[in-house]
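Colleague: Got start-v2.cif for you, mmCIF, C-alpha atoms and all ligand atoms:
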```
data_structure
#
loop_
_atom_site.label_atom_id
_atom_site.label_comp_id
_atom_site.auth_asym_id
_atom_site.auth_seq_id
_atom_site.Cartn_x
_atom_site.Cartn_y
_atom_site.Cartn_z
CA MET A 1 13.19 26.34 -40.03
CA GLU A 2 13.37 23.28 -37.84
CA ILE A 3 11.36 23.40 -34.64
CA THR A 4 12.30 21.49 -31.53
CA ALA A 5 9.62 20.10 -29.34
CA ILE A 6 8.76 20.99 -25.78
CA ILE A 7 10.19 18.21 -23.58
CA LEU A 8 7.55 16.92 -21.17
CA ASP A 9 9.77 16.52 -18.12
CA GLY A 10 8.25 13.72 -16.05
CA LYS A 11 11.10 13.75 -13.59
CA ALA A 12 10.54 17.38 -12.61
CA LEU A 13 6.74 17.09 -12.51
CA SER A 14 6.86 13.88 -10.48
CA GLN A 15 9.11 15.62 -7.94
CA LYS A 16 6.54 18.37 -7.53
CA ILE A 17 3.77 15.82 -7.03
CA LYS A 18 5.86 13.82 -4.54
CA ASN A 19 6.58 16.98 -2.51
CA ASP A 20 2.84 17.55 -2.30
CA LEU A 21 2.20 13.94 -1.30
CA LYS A 22 4.85 14.17 1.40
CA GLN A 23 2.81 16.88 3.09
CA GLN A 24 -0.36 14.83 2.77
CA ALA A 25 1.40 11.81 4.29
CA GLN A 26 2.53 13.98 7.21
CA SER A 27 -0.97 15.26 7.75
CA LEU A 28 -2.36 11.70 7.72
CA LYS A 29 0.25 10.69 10.30
CA GLU A 30 -0.84 13.52 12.55
CA LYS A 31 -4.35 12.08 12.36
CA GLY A 32 -3.10 8.62 13.34
CA VAL A 33 -2.78 6.89 9.96
CA VAL A 34 0.65 5.99 8.66
CA PRO A 35 0.24 5.18 4.94
CA ARG A 36 1.52 1.71 4.16
CA LEU A 37 2.12 -0.09 0.86
CA ALA A 38 2.73 -3.84 0.59
CA VAL A 39 4.84 -4.72 -2.44
CA VAL A 40 4.89 -8.35 -3.56
CA ILE A 41 7.48 -9.64 -6.01
CA VAL A 42 7.70 -13.26 -7.12
CA GLY A 43 10.80 -14.71 -8.78
CA ASN A 44 13.90 -13.11 -10.24
CA ASP A 45 12.79 -10.89 -13.11
CA SER A 46 15.51 -8.24 -13.27
CA ALA A 47 13.29 -5.48 -14.72
CA SER A 48 10.68 -6.14 -11.99
CA ARG A 49 13.41 -5.83 -9.34
CA ILE A 50 14.41 -2.40 -10.74
CA TYR A 51 10.77 -1.20 -10.73
CA VAL A 52 10.10 -2.50 -7.22
CA ASN A 53 13.23 -0.80 -5.87
CA ALA A 54 12.17 2.48 -7.47
CA LYS A 55 8.71 2.19 -5.90
CA LYS A 56 10.18 1.49 -2.46
CA LYS A 57 12.53 4.47 -2.77
CA ALA A 58 9.61 6.77 -3.63
CA CYS A 59 7.70 5.49 -0.57
CA GLU A 60 10.68 6.34 1.63
CA GLU A 61 10.92 9.82 0.14
CA ILE A 62 7.27 10.57 0.87
CA GLY A 63 6.89 8.91 4.24
CA ILE A 64 4.90 5.87 3.19
CA ILE A 65 5.92 2.63 4.89
CA SER A 66 6.72 0.02 2.25
CA GLU A 67 6.88 -3.62 3.20
CA GLU A 68 8.35 -5.98 0.65
CA TYR A 69 7.35 -9.61 0.23
CA ALA A 70 9.97 -11.19 -2.05
CA LEU A 71 8.81 -14.71 -2.84
CA ALA A 72 10.74 -17.49 -4.58
CA GLU A 73 10.13 -18.30 -8.26
CA ASN A 74 8.56 -21.66 -7.27
CA THR A 75 5.94 -20.10 -4.97
CA THR A 76 2.57 -21.69 -5.68
CA GLU A 77 -0.51 -19.75 -6.70
CA GLN A 78 -2.17 -20.91 -3.48
CA GLN A 79 0.67 -19.51 -1.36
CA LEU A 80 0.48 -16.17 -3.16
CA LEU A 81 -3.31 -16.05 -2.77
CA GLU A 82 -2.91 -16.72 0.96
CA LEU A 83 -0.46 -13.82 1.29
CA VAL A 84 -2.85 -11.50 -0.59
CA GLU A 85 -5.68 -12.56 1.72
CA LYS A 86 -3.52 -11.84 4.77
CA LEU A 87 -2.70 -8.37 3.42
CA ASN A 88 -6.38 -7.74 2.60
CA ASN A 89 -7.24 -8.43 6.23
CA ASN A 90 -4.43 -6.32 7.69
CA GLU A 91 -6.01 -2.97 8.57
CA GLU A 92 -2.63 -1.26 8.63
CA VAL A 93 -2.01 -1.99 4.94
CA ASN A 94 -3.54 0.65 2.64
CA GLY A 95 -2.20 -0.54 -0.68
CA ILE A 96 -1.28 -3.93 -2.17
CA LEU A 97 0.87 -4.15 -5.27
CA VAL A 98 1.74 -7.48 -6.85
CA GLN A 99 4.46 -6.78 -9.40
CA LEU A 100 3.74 -8.26 -12.83
CA PRO A 101 4.64 -10.35 -14.73
CA LEU A 102 4.23 -13.35 -12.44
CA PRO A 103 5.93 -16.70 -13.18
CA GLY A 104 4.08 -18.69 -15.86
CA HIS A 105 2.59 -21.26 -13.46
CA ILE A 106 0.61 -18.57 -11.59
CA ASN A 107 -2.66 -17.27 -13.01
CA GLU A 108 -2.27 -13.48 -12.97
CA ASN A 109 -6.00 -12.84 -13.22
CA ALA A 110 -6.71 -15.03 -10.20
CA VAL A 111 -4.22 -13.01 -8.17
CA ILE A 112 -5.49 -9.61 -9.38
CA ASN A 113 -9.07 -10.70 -8.60
CA ALA A 114 -8.04 -11.67 -5.06
CA ILE A 115 -6.76 -8.19 -4.14
CA SER A 116 -9.34 -6.16 -2.25
CA PRO A 117 -10.57 -3.42 -4.64
CA ASP A 118 -10.16 -0.94 -1.74
CA LYS A 119 -6.41 -1.66 -1.60
CA ASP A 120 -5.87 -2.13 -5.32
CA VAL A 121 -3.51 0.82 -5.90
CA ASP A 122 -2.70 -0.49 -9.42
CA ALA A 123 -6.43 -0.32 -10.30
CA PHE A 124 -6.20 -3.69 -12.05
CA HIS A 125 -9.13 -5.38 -10.25
CA PRO A 126 -12.23 -5.80 -12.48
CA VAL A 127 -14.29 -3.69 -10.04
CA ASN A 128 -11.86 -0.79 -10.45
CA VAL A 129 -11.59 -1.33 -14.20
CA GLY A 130 -15.40 -1.14 -14.41
CA LYS A 131 -15.48 2.05 -12.34
CA ILE A 132 -12.98 3.66 -14.71
CA MET A 133 -15.19 2.72 -17.66
CA ILE A 134 -18.10 4.56 -16.05
CA GLY A 135 -15.93 7.48 -14.97
CA ASN A 136 -16.60 7.15 -11.24
CA TYR A 137 -13.47 5.85 -9.56
CA ASP A 138 -11.19 6.08 -6.54
CA PHE A 139 -8.01 4.81 -8.19
CA LEU A 140 -6.70 5.34 -11.69
CA PRO A 141 -4.17 2.87 -13.11
CA CYS A 142 -0.73 4.43 -12.66
CA THR A 143 0.65 4.63 -16.20
CA PRO A 144 -2.56 5.97 -17.80
CA ALA A 145 -2.88 8.48 -14.93
CA ALA A 146 0.75 9.50 -15.48
CA ILE A 147 0.08 10.14 -19.17
CA MET A 148 -3.01 12.25 -18.48
CA GLU A 149 -1.22 14.25 -15.81
CA LEU A 150 1.74 14.96 -18.11
CA ILE A 151 -0.63 16.13 -20.83
CA SER A 152 -2.84 18.31 -18.62
CA GLN A 153 -0.03 19.80 -16.51
CA SER A 154 1.66 20.90 -19.71
CA GLY A 155 -1.42 22.89 -20.69
CA ILE A 156 -2.29 20.59 -23.60
CA ASP A 157 -6.01 20.44 -24.28
CA THR A 158 -7.37 17.05 -25.39
CA GLU A 159 -10.90 18.21 -26.22
CA GLY A 160 -11.85 17.28 -29.77
CA LYS A 161 -8.31 16.12 -30.55
CA GLU A 162 -7.47 13.04 -32.61
CA CYS A 163 -5.81 10.71 -30.10
CA VAL A 164 -4.13 7.55 -31.37
CA VAL A 165 -3.11 4.92 -28.83
CA ILE A 166 -0.76 2.23 -30.13
CA GLY A 167 -1.09 -0.89 -27.97
CA ARG A 168 -4.18 -2.51 -26.42
CA SER A 169 -2.93 -3.88 -23.09
CA ASN A 170 -5.11 -3.94 -20.00
CA ILE A 171 -2.44 -1.99 -18.10
CA VAL A 172 -1.92 0.90 -20.53
CA GLY A 173 -3.58 0.91 -23.96
CA LYS A 174 -7.21 0.20 -23.03
CA PRO A 175 -7.40 2.37 -19.88
CA VAL A 176 -5.54 5.37 -21.36
CA ALA A 177 -7.91 5.27 -24.34
CA MET A 178 -10.80 5.45 -21.87
CA LEU A 179 -9.26 8.40 -20.01
CA LEU A 180 -8.62 10.27 -23.27
CA LEU A 181 -12.25 9.64 -24.17
CA HIS A 182 -13.39 11.01 -20.79
CA SER A 183 -11.35 14.10 -21.52
CA HIS A 184 -13.25 14.54 -24.81
CA GLY A 185 -10.63 13.23 -27.23
CA THR A 186 -11.57 11.31 -30.39
CA VAL A 187 -9.78 8.06 -29.73
CA THR A 188 -8.43 5.30 -31.98
CA ILE A 189 -6.70 2.23 -30.54
CA CYS A 190 -4.19 0.53 -32.86
CA HIS A 191 -2.56 -2.87 -32.41
CA SER A 192 -0.60 -5.53 -34.24
CA ARG A 193 -3.48 -6.30 -36.63
CA THR A 194 -4.24 -2.68 -37.50
CA LYS A 195 -4.18 -2.03 -41.24
CA ASN A 196 -2.55 1.17 -42.50
CA LEU A 197 -0.99 1.93 -39.13
CA ALA A 198 1.17 4.69 -40.61
CA GLN A 199 -1.89 6.48 -42.02
CA VAL A 200 -3.73 6.32 -38.71
CA ILE A 201 -0.74 7.64 -36.75
CA LYS A 202 -0.26 10.45 -39.26
CA ARG A 203 -3.65 11.99 -38.46
CA ALA A 204 -3.06 12.04 -34.69
CA ASP A 205 -2.81 15.26 -32.68
CA ILE A 206 -1.81 13.12 -29.70
CA VAL A 207 0.09 9.83 -30.09
CA VAL A 208 0.50 7.41 -27.17
CA ALA A 209 3.01 4.66 -27.96
CA ALA A 210 2.69 1.61 -25.69
CA VAL A 211 3.80 -1.35 -27.76
CA GLY A 212 7.16 -2.40 -26.35
CA ARG A 213 9.08 -2.20 -29.63
CA ALA A 214 12.22 -0.09 -29.58
CA GLU A 215 12.00 3.17 -31.55
CA MET A 216 9.22 1.96 -33.87
CA ILE A 217 7.58 5.39 -34.18
CA THR A 218 9.79 7.58 -36.34
CA GLY A 219 9.57 11.26 -37.24
CA ASP A 220 8.24 10.62 -40.75
CA MET A 221 5.20 8.81 -39.24
CA ILE A 222 3.86 11.68 -37.14
CA LYS A 223 2.01 14.87 -38.02
CA ASP A 224 3.74 18.23 -37.68
CA GLY A 225 2.99 19.61 -34.24
CA ALA A 226 1.77 16.34 -32.71
CA VAL A 227 2.08 15.57 -29.00
CA VAL A 228 4.04 12.34 -28.59
CA ILE A 229 3.83 10.28 -25.40
CA ASP A 230 6.27 7.39 -25.15
CA VAL A 231 5.40 4.63 -22.68
CA GLY A 232 8.07 2.17 -23.89
CA ILE A 233 11.03 1.10 -21.79
CA ASN A 234 13.14 -1.14 -24.01
CA ARG A 235 16.33 -2.48 -22.48
CA GLN A 236 18.62 -3.56 -25.29
CA GLU A 237 21.67 -5.54 -24.31
CA GLY A 238 24.75 -3.36 -24.17
CA LYS A 239 22.81 -0.32 -25.35
CA LYS A 240 21.00 2.52 -23.64
CA ILE A 241 17.35 2.23 -22.65
CA VAL A 242 15.08 3.53 -25.40
CA GLY A 243 11.35 4.07 -25.76
CA ASP A 244 8.91 3.01 -28.47
CA VAL A 245 9.53 6.37 -30.12
CA HIS A 246 12.61 7.36 -32.09
CA PHE A 247 13.24 10.51 -30.06
CA GLU A 248 15.70 12.37 -32.29
CA SER A 249 13.54 12.28 -35.43
CA CYS A 250 10.20 12.88 -33.63
CA GLU A 251 11.57 15.76 -31.57
CA LYS A 252 12.07 17.72 -34.79
CA LYS A 253 8.41 17.45 -35.79
CA ALA A 254 6.45 17.23 -32.55
CA TYR A 255 4.95 20.08 -30.54
CA ALA A 256 5.76 18.20 -27.33
CA ILE A 257 7.38 14.86 -26.54
CA THR A 258 8.22 12.75 -23.48
CA PRO A 259 11.82 11.55 -23.11
CA VAL A 260 12.82 7.99 -22.12
CA PRO A 261 13.99 7.80 -19.42
CA GLY A 262 12.57 10.76 -17.49
CA GLY A 263 9.10 11.02 -19.01
CA VAL A 264 6.19 8.68 -18.24
CA GLY A 265 8.27 6.36 -15.96
CA PRO A 266 8.84 8.65 -12.96
CA MET A 267 5.28 9.95 -13.26
CA THR A 268 3.91 6.40 -13.05
CA ILE A 269 5.60 5.94 -9.69
CA ALA A 270 4.26 9.29 -8.46
CA MET A 271 0.74 8.12 -9.40
CA LEU A 272 1.21 4.92 -7.40
CA MET A 273 2.17 7.04 -4.40
CA LYS A 274 -0.90 9.22 -4.99
CA ASN A 275 -3.16 6.15 -4.98
CA THR A 276 -1.59 4.86 -1.77
CA ILE A 277 -2.11 8.19 0.00
CA LYS A 278 -5.67 8.30 -1.32
CA SER A 279 -6.36 4.81 0.00
CA ALA A 280 -5.00 5.79 3.43
CA ASP A 281 -7.18 8.90 3.38
CA ILE A 282 -10.29 6.87 2.47
CA SER A 283 -9.58 4.40 5.30
CA LEU A 284 -9.25 7.30 7.76
CA LYS A 285 -12.58 8.74 6.64
CA LYS A 286 -14.24 5.31 6.98
CA ARG A 287 -12.78 4.90 10.45
CA LYS A 288 -14.21 8.26 11.53
CA LYS A 289 -17.69 7.24 10.43
CA ILE A 290 -17.68 4.06 12.53
N1 LIG B 1 4.50 -4.46 -14.32
C1 LIG B 1 4.66 -3.51 -15.27
N2 LIG B 1 3.95 -2.41 -14.95
C2 LIG B 1 3.32 -2.67 -13.78
C3 LIG B 1 2.45 -1.92 -12.96
O1 LIG B 1 2.09 -0.78 -13.22
N3 LIG B 1 2.03 -2.56 -11.83
C4 LIG B 1 2.39 -3.82 -11.52
N4 LIG B 1 1.89 -4.36 -10.41
N5 LIG B 1 3.19 -4.54 -12.27
C5 LIG B 1 3.65 -3.97 -13.40
#
```
Represent the structure of the file as structure tokens.

Modeller:
Amino acid sequence: MEITAIILDGKALSQKIKNDLKQQAQSLKEKGVVPRLAVVIVGNDSASRIYVNAKKKACEEIGIISEEYALAENTTEQQLLELVEKLNNNEEVNGILVQLPLPGHINENAVINAISPDKDVDAFHPVNVGKIMIGNYDFLPCTPAAIMELISQSGIDTEGKECVVIGRSNIVGKPVAMLLLHSHGTVTICHSRTKNLAQVIKRADIVVAAVGRAEMITGDMIKDGAVVIDVGINRQEGKKIVGDVHFESCEKKAYAITPVPGGVGPMTIAMLMKNTIKSADISLKKRKKI
């Protein structure tokens, strides 16, 4: 008999989280703090524009003020650094998000390093990355947090499980591996140089695919009853958006699987909202102490 997997519905779960955050935003407002997120976008990347619009819409829904800084493609690194500095010094701004990727002439690391760690709602700053490594943090990076939330809210236990992360990016692969480790998983990180990738994936109880290659994980590669988390958003010209996982074949073998769209994506935005509210809450607590 063929089984069909539980669909991990990120859209529904993110709505629940956003409803909760809306109440927290209201309560902060009553205490005199209106949560505010500054969103910086440089150039004309069409995917970045879609993501930024989705983030702004979520802010509106929750009651977070979003202010957008849309800068021209030829903005210099110095100009961008000056804007970041201005936002760092603006007490009304709780979160700063510089949408990546930046144009090639701007050093992304220099910009990430310039964002105040207290306002770094992406958790990309080395100080925040280090805190995550130790397990003592204020902000979690949004996509890894989204993945962990989807897993835990679905009642899936990671303790002692074989977790295989495919992709080693700073934004997803490395931090999600660390979070799975904190939650007592046995973690393997695979990448383009991994030998016997198929064998490694086959032993996984939990697979996280974050490579950016359309439908590369197929049903024959996964173990019966595996949990499959798809981080990919691959826009193919003239075709529908697909993940890194071949949904139809994996759905037949997995215990649970995230769809694309409607899985990790909407949860990532909810986690950004959560970080922004948290930052506003921390600033209120600091203000009270003074
Ligand atoms: N580009 C792709 N994902 C992200 C993200 O989570 N944050 C930012 N700032 N840029 C991105």

Colleague: Every residue with an atom at most 8 Å from (10.3, -3.4, -26.0) (file coordinates; all atoms listed in the file) is what I'm after, so could you write them as a PyMOL selection string?

Modeller: chain A and resi 211-214+232-235+243-244

Colleague: Which residue out of A:Gly265, A:Gly135, A:Gly160, A:Gly155 has the minimum interatomic distance to ligand LIG 1 (chain B) when only C-alpha atoms and all ligand atoms are used?

Modeller: A:Gly265

Colleague: Please provide the set of residues having any atom within 7 Å of Gln99 in chain A, restricted to all atoms listed in the file, with same-chain residues fewer than 5 positions apart removed, written as a short mmCIF file (atom, residue, chain, number, x, y, z; two decimals) with C-alpha atoms, in the frame of the given file.

Modeller:
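As written to disk, selection11.cif reads:
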```
data_model
loop_
_atom_site.label_atom_id
_atom_site.label_comp_id
_atom_site.auth_asym_id
_atom_site.auth_seq_id
_atom_site.Cartn_x
_atom_site.Cartn_y
_atom_site.Cartn_z
CA VAL A 40 4.89 -8.35 -3.56
CA ILE A 41 7.48 -9.64 -6.01
CA SER A 48 10.68 -6.14 -11.99
#
```

Colleague: Give the residues close to ligand LIG 1 (chain B), within 9 Å, counting all atoms listed in the file; write them as a ChimeraX atom specification.

Modeller: /A:39-41,47-48,51-52,96-102,121-124,141-143,171-172,268-269,272

Colleague: Got time to write the residues from that selection, C-alpha atoms, as a compact mmCIF listing (two decimals), keeping the file's coordinate frame?

Modeller:
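File written: out04.txt
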```txt
# COMPACT_ATOMS: atom_id res chain seq x y z
CA VAL A 39 4.84 -4.72 -2.44
CA VAL A 40 4.89 -8.35 -3.56
CA ILE A 41 7.48 -9.64 -6.01
CA ALA A 47 13.29 -5.48 -14.72
CA SER A 48 10.68 -6.14 -11.99
CA TYR A 51 10.77 -1.20 -10.73
CA VAL A 52 10.10 -2.50 -7.22
CA ILE A 96 -1.28 -3.93 -2.17
CA LEU A 97 0.87 -4.15 -5.27
CA VAL A 98 1.74 -7.48 -6.85
CA GLN A 99 4.46 -6.78 -9.40
CA LEU A 100 3.74 -8.26 -12.83
CA PRO A 101 4.64 -10.35 -14.73
CA LEU A 102 4.23 -13.35 -12.44
CA VAL A 121 -3.51 0.82 -5.90
CA ASP A 122 -2.70 -0.49 -9.42
CA ALA A 123 -6.43 -0.32 -10.30
CA PHE A 124 -6.20 -3.69 -12.05
CA PRO A 141 -4.17 2.87 -13.11
CA CYS A 142 -0.73 4.43 -12.66
CA THR A 143 0.65 4.63 -16.20
CA ILE A 171 -2.44 -1.99 -18.10
CA VAL A 172 -1.92 0.90 -20.53
CA THR A 268 3.91 6.40 -13.05
CA ILE A 269 5.60 5.94 -9.69
CA LEU A 272 1.21 4.92 -7.40
```

Colleague: At a cut-off of 7 Å, using only C-alpha atoms, what residues contact range 255-260 of chain A? Leave out same-chain residues fewer than 5 positions from it and give the result as a PyMOL selection string.

Modeller: chain A and resi 5-9+225-230+242-243

Colleague: Of the candidates A:Ser27, A:Thr76, A:Asn107, A:Ser116, which one gets nearest to Asn94 in chain A if we count only C-alpha atoms?

Modeller: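 The closest residue to Asn94 in chain A is A:Ser116.
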
Colleague: Between CA of Ser66 in chain A and CA of Ile277 in chain A, what is the distance in Å, rounded to a tenth?

Modeller: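 Value for the CA of Ser66 in chain A-CA of Ile277 in chain A distance: 12.2 Å.
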
Colleague: Using all atoms of range 121-136 of chain A that appear in the file, construct an axis-aligned enclosing box with 4 Å of padding on every side and provide its centre coordinates and edge lengths in Å, rounded to one decimal, as JSON.

Modeller:
```
{"center_x": -10.4, "center_y": 0.8, "center_z": -11.8, "size_x": 23.4, "size_y": 21.3, "size_z": 19.8}
```

Colleague: Would you work out the distance separating CA of Cys190 in chain A from CA of Lys161 in chain A, expressed in Å to one decimal?

Modeller: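 Atom-to-atom, CA of Cys190 in chain A to CA of Lys161 in chain A, that is 16.3 Å.
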
Colleague: Considering all atoms listed in the file, can you say which of A:Glu60, A:Pro103, A:Lys274, A:Asn170 comes closest to Pro126 in chain A?

Modeller: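 Counting all atoms listed in the file, the residue closest to Pro126 in chain A is A:Asn170.
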
Colleague: Compare A:Ile132, A:Asp118, A:Thr4, A:Gln78 by their minimum atom-to-atom distance to Glu248 in chain A, counting all atoms listed in the file, and give me the closest one.

Modeller: A:Thr4

Colleague: With distances taken over only C-alpha atoms, which residue among A:Ala198, A:Ala54, A:Leu83, A:Ala209 lies nearest Val165 in chain A?

Modeller: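 Counting only C-alpha atoms, the residue closest to Val165 in chain A is A:Ala209.
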
Colleague: In Å, how far is it from CA of Glu237 in chain A to CA of Lys253 in chain A?

Modeller: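 Pair CA of Glu237 in chain A / CA of Lys253 in chain A returns 28.9 Å.
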
Colleague: Write out as a list in words which residues come within 12 Å of Glu91 in chain A when counting all atoms listed in the file, dropping same-chain ones fewer than 5 positions away.

Modeller: Val33, Val34, Pro35, Arg36, Leu37, Ala38, Glu85, Lys86, Ile96, Ser116, Asp118, Lys119, Ser279, Ala280, Ser283, Leu284, Lys286 and Arg287 of chain A

Colleague: Restricting the calculation to only C-alpha atoms, which member of A:Val200, A:Leu179, A:Ile147, A:Ile3 is positioned closest to Val231 in chain A?

Modeller: A:Ile147

Colleague: In file coordinates, which residues lie within 10 Å of (5.6, 13.7, 1.6) using only C-alpha atoms, given as a list in words?

Modeller: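 Looking at atoms near the point gives Ile17, Lys18, Asn19, Asp20, Leu21, Lys22, Gln23, Gln24, Ala25, Gln26, Ser27, Ala58, Cys59, Glu60, Glu61, Ile62, Gly63, Ile64, Met273 and Ile277 of chain A.
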
Colleague: Leaving out Val245 in chain A and any residue of its chain fewer than 3 positions from it, which residues lie within 6 Å of it when counting all atoms listed in the file, given as a count of residues only?

Modeller: 3
